[in-house]
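Take a look at the structure set out below.
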Amino acid sequence: MNWTIERAEGKDLDLDEVLAVYRSSGLGERRPVEDRDRMGAMLAGANLVLVARDGDGALIGIARSVSDFSYVTYLSDIAVAGRLQRSGIGRALIDATRKEAPTAKIVLLSAPAATDYYPHIGFTRHDSAWVLNP
């Protein structure tokens, strides 16, 4: 499979294409994919968005982050189309995220099904993360 990674402006992405990747990846189960306005705001508010596209230009993956580009990058979402998972696209999106802010640590909350994946690629568990839901 031939694919490329590029930086994008979240507000400029085709929302339907993004939603299709979220749904296909399984991440749509934990994101408000039925609320188009909210998903659009999430994309527009992220200051570091990287996308993977196949050889035909179709969106096949996305990494959506908020970063200060110095100390921390919060990798809010990483989604790869289901049929292409385990092909290296997710890892390439994480590597590209790191290259955009090489001195910043990357912090993420793992999907339950991916908790065994992140240690495999160099992440360490952090036991003092807290979430305050709205």
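Numbering starts fresh at 1 for the residues of each chain in the structure tokens, the chains themselves are lettered A, B, ... in the order given, and ligands are numbered from 1 as they appear.
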Selection near segment 43-57 of chain A, 8 Å with only C-alpha atoms, sequence-local residues under 4 positions removed, as a count of residues only | 23
Give the helix (DSSP H, G or I) residues of chain A, as assigned by DSSP on the backbone, as a ChimeraX atom specification.
-> /A:10-12,15-25,27-30,36-45,82-84,89-100,112-114,117-120
Please save N, CA and C atoms of the selected residues as a CSV table (one decimal), in the first residue's frame.
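And here's again_14.csv as it stands now:
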```
chain,number,residue,atom,x,y,z
A,10,GLY,N,-7.1,21.4,10.4
A,10,GLY,CA,-8.3,20.6,10.7
A,10,GLY,C,-9.5,21.2,10.1
A,11,LYS,N,-9.6,22.5,10.2
A,11,LYS,CA,-10.8,23.2,9.7
A,11,LYS,C,-11.0,23.1,8.1
A,12,ASP,N,-9.9,22.7,7.4
A,12,ASP,CA,-10.0,22.6,6.0
A,12,ASP,C,-10.2,21.2,5.5
A,15,LEU,N,-15.1,17.0,6.4
A,15,LEU,CA,-15.6,16.4,7.7
A,15,LEU,C,-16.2,15.0,7.4
A,16,ASP,N,-16.8,14.8,6.3
A,16,ASP,CA,-17.4,13.5,6.0
A,16,ASP,C,-16.3,12.4,5.9
A,17,GLU,N,-15.2,12.8,5.3
A,17,GLU,CA,-14.0,11.9,5.1
A,17,GLU,C,-13.4,11.6,6.5
A,18,VAL,N,-13.3,12.6,7.3
A,18,VAL,CA,-12.8,12.4,8.7
A,18,VAL,C,-13.7,11.5,9.5
A,19,LEU,N,-15.0,11.7,9.4
A,19,LEU,CA,-15.9,10.9,10.2
A,19,LEU,C,-15.9,9.5,9.7
A,20,ALA,N,-15.7,9.3,8.4
A,20,ALA,CA,-15.6,7.9,7.9
A,20,ALA,C,-14.4,7.2,8.5
A,21,VAL,N,-13.3,7.9,8.6
A,21,VAL,CA,-12.1,7.2,9.2
A,21,VAL,C,-12.3,6.9,10.7
A,22,TYR,N,-12.9,7.9,11.4
A,22,TYR,CA,-13.2,7.7,12.8
A,22,TYR,C,-14.1,6.4,13.0
A,23,ARG,N,-15.2,6.4,12.2
A,23,ARG,CA,-16.1,5.2,12.3
A,23,ARG,C,-15.4,3.9,12.0
A,24,SER,N,-14.7,3.9,10.9
A,24,SER,CA,-14.0,2.7,10.4
A,24,SER,C,-12.9,2.2,11.4
A,25,SER,N,-12.3,3.2,12.1
A,25,SER,CA,-11.2,2.8,13.0
A,25,SER,C,-11.7,2.2,14.3
A,27,LEU,N,-12.7,4.3,16.7
A,27,LEU,CA,-12.6,5.5,17.6
A,27,LEU,C,-13.9,6.2,17.6
A,28,GLY,N,-14.7,6.1,16.6
A,28,GLY,CA,-16.1,6.7,16.6
A,28,GLY,C,-17.0,6.2,17.7
A,29,GLU,N,-16.6,5.1,18.3
A,29,GLU,CA,-17.4,4.6,19.5
A,29,GLU,C,-17.2,5.5,20.7
A,30,ARG,N,-16.1,6.2,20.7
A,30,ARG,CA,-15.8,7.0,21.9
A,30,ARG,C,-15.7,8.5,21.6
A,36,ARG,N,-22.0,16.7,14.2
A,36,ARG,CA,-21.1,17.3,13.2
A,36,ARG,C,-20.5,18.6,13.7
A,37,ASP,N,-21.3,19.4,14.3
A,37,ASP,CA,-20.7,20.7,14.8
A,37,ASP,C,-19.6,20.5,15.8
A,38,ARG,N,-19.8,19.6,16.7
A,38,ARG,CA,-18.8,19.4,17.7
A,38,ARG,C,-17.5,18.8,17.1
A,39,MET,N,-17.7,17.8,16.2
A,39,MET,CA,-16.5,17.2,15.6
A,39,MET,C,-15.8,18.3,14.7
A,40,GLY,N,-16.5,19.1,14.0
A,40,GLY,CA,-15.9,20.2,13.3
A,40,GLY,C,-15.1,21.1,14.2
A,41,ALA,N,-15.7,21.4,15.3
A,41,ALA,CA,-15.0,22.3,16.3
A,41,ALA,C,-13.7,21.6,16.8
A,42,MET,N,-13.8,20.3,17.1
A,42,MET,CA,-12.7,19.5,17.6
A,42,MET,C,-11.5,19.6,16.5
A,43,LEU,N,-11.8,19.5,15.3
A,43,LEU,CA,-10.8,19.6,14.2
A,43,LEU,C,-10.3,21.0,14.1
A,44,ALA,N,-11.1,22.0,14.1
A,44,ALA,CA,-10.7,23.4,14.0
A,44,ALA,C,-9.8,23.8,15.2
A,45,GLY,N,-10.1,23.3,16.4
A,45,GLY,CA,-9.4,23.7,17.6
A,45,GLY,C,-8.1,23.0,17.8
A,82,GLY,N,-10.1,1.0,9.5
A,82,GLY,CA,-10.0,-0.4,10.0
A,82,GLY,C,-9.3,-1.4,9.1
A,83,ARG,N,-9.5,-1.3,7.8
A,83,ARG,CA,-8.9,-2.2,6.8
A,83,ARG,C,-7.4,-2.1,6.7
A,84,LEU,N,-6.9,-0.9,7.2
A,84,LEU,CA,-5.4,-0.6,7.1
A,84,LEU,C,-4.7,-0.7,8.5
A,89,ILE,N,0.7,2.7,9.6
A,89,ILE,CA,0.2,4.1,9.4
A,89,ILE,C,0.1,4.8,10.8
A,90,GLY,N,-0.5,4.1,11.8
A,90,GLY,CA,-0.6,4.7,13.1
A,90,GLY,C,0.8,5.1,13.6
A,91,ARG,N,1.7,4.2,13.5
A,91,ARG,CA,3.1,4.5,14.0
A,91,ARG,C,3.7,5.7,13.2
A,92,ALA,N,3.5,5.7,11.9
A,92,ALA,CA,4.0,6.8,11.1
A,92,ALA,C,3.3,8.1,11.5
A,93,LEU,N,2.0,8.1,11.8
A,93,LEU,CA,1.4,9.3,12.3
A,93,LEU,C,2.0,9.8,13.7
A,94,ILE,N,2.3,8.9,14.5
A,94,ILE,CA,2.9,9.2,15.8
A,94,ILE,C,4.3,9.7,15.6
A,95,ASP,N,5.1,9.1,14.7
A,95,ASP,CA,6.4,9.6,14.4
A,95,ASP,C,6.4,11.0,13.8
A,96,ALA,N,5.4,11.3,12.9
A,96,ALA,CA,5.3,12.6,12.3
A,96,ALA,C,4.9,13.6,13.4
A,97,THR,N,4.0,13.2,14.3
A,97,THR,CA,3.7,14.1,15.4
A,97,THR,C,4.9,14.5,16.2
A,98,ARG,N,5.7,13.5,16.5
A,98,ARG,CA,6.9,13.8,17.3
A,98,ARG,C,7.9,14.7,16.5
A,99,LYS,N,8.0,14.5,15.2
A,99,LYS,CA,8.9,15.4,14.4
A,99,LYS,C,8.4,16.8,14.4
A,100,GLU,N,7.1,17.1,14.5
A,100,GLU,CA,6.6,18.4,14.6
A,100,GLU,C,6.9,19.2,15.9
A,112,PRO,N,-9.3,1.4,25.1
A,112,PRO,CA,-9.1,0.1,25.8
A,112,PRO,C,-8.5,-1.0,25.0
A,113,ALA,N,-8.8,-1.1,23.7
A,113,ALA,CA,-8.3,-2.1,22.9
A,113,ALA,C,-6.8,-1.9,22.5
A,114,ALA,N,-6.3,-0.7,22.7
A,114,ALA,CA,-4.9,-0.4,22.3
A,114,ALA,C,-3.9,-0.3,23.4
A,117,TYR,N,-0.7,-1.9,22.8
A,117,TYR,CA,0.1,-1.4,21.6
A,117,TYR,C,1.1,-0.4,22.0
A,118,TYR,N,0.7,0.6,22.8
A,118,TYR,CA,1.6,1.8,23.0
A,118,TYR,C,2.9,1.4,23.7
A,119,PRO,N,2.9,0.5,24.7
A,119,PRO,CA,4.2,0.1,25.2
A,119,PRO,C,5.2,-0.5,24.2
A,120,HIS,N,4.6,-1.2,23.2
A,120,HIS,CA,5.3,-1.8,22.2
A,120,HIS,C,6.1,-0.8,21.3
```
Have a look at atom CA of Ile121 of chain A and atom CA of Ser76 of chain A and let me know their distance in Å, one decimal.
->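 Computing it gives 17.4 Å between the two atoms.
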Would you list, as a VMD selection string, the residues of chain A that end up in strand (DSSP E or B) under DSSP run on this structure's backbone?
-> chain A and resid 3 to 8 48 to 54 59 to 67 72 to 80 105 to 107
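Between atom CA of Tyr74 of chain A and atom CA of Asp127 of chain A the separation is 16.2 Å.
Closest approach to Thr103 of chain A among A:Ile78, A:Pro32, A:Phe69, A:Asp14: A:Phe69, based on only C-alpha atoms.
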Neighbour list for Tyr71 of chain A as a list in words, cut-off 9 Å, only C-alpha atoms, skip fewer than 3 positions in-chain =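 The neighbour list is Ser67, Asp68, Ala101, Thr103, Ala104, Lys105 and Ile106 of chain A.
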Keeping N, CA, C and O atoms, export the residues of the selection given above as a CSV table (one decimal), in the first residue's frame.
```csv
chain,number,residue,atom,x,y,z
A,67,SER,N,-0.8,21.1,21.0
A,67,SER,CA,0.6,21.1,21.4
A,67,SER,C,1.1,22.5,21.7
A,67,SER,O,0.6,23.5,21.1
A,68,ASP,N,2.0,22.7,22.6
A,68,ASP,CA,2.7,23.9,22.8
A,68,ASP,C,4.1,23.9,22.1
A,68,ASP,O,4.8,24.9,22.1
A,101,ALA,N,7.1,18.4,16.9
A,101,ALA,CA,7.5,19.0,18.2
A,101,ALA,C,8.5,18.1,18.9
A,101,ALA,O,8.2,17.4,19.9
A,103,THR,N,11.0,18.3,21.0
A,103,THR,CA,11.4,18.4,22.4
A,103,THR,C,10.2,18.2,23.3
A,103,THR,O,10.4,18.2,24.5
A,104,ALA,N,9.0,18.0,22.8
A,104,ALA,CA,7.8,17.9,23.6
A,104,ALA,C,7.5,16.4,23.8
A,104,ALA,O,7.6,15.6,22.9
A,105,LYS,N,7.1,16.1,25.1
A,105,LYS,CA,6.6,14.7,25.3
A,105,LYS,C,5.2,14.6,24.7
A,105,LYS,O,4.5,15.5,24.6
A,106,ILE,N,4.9,13.4,24.3
A,106,ILE,CA,3.6,13.1,23.8
A,106,ILE,C,2.8,12.4,24.9
A,106,ILE,O,3.2,11.4,25.5
```
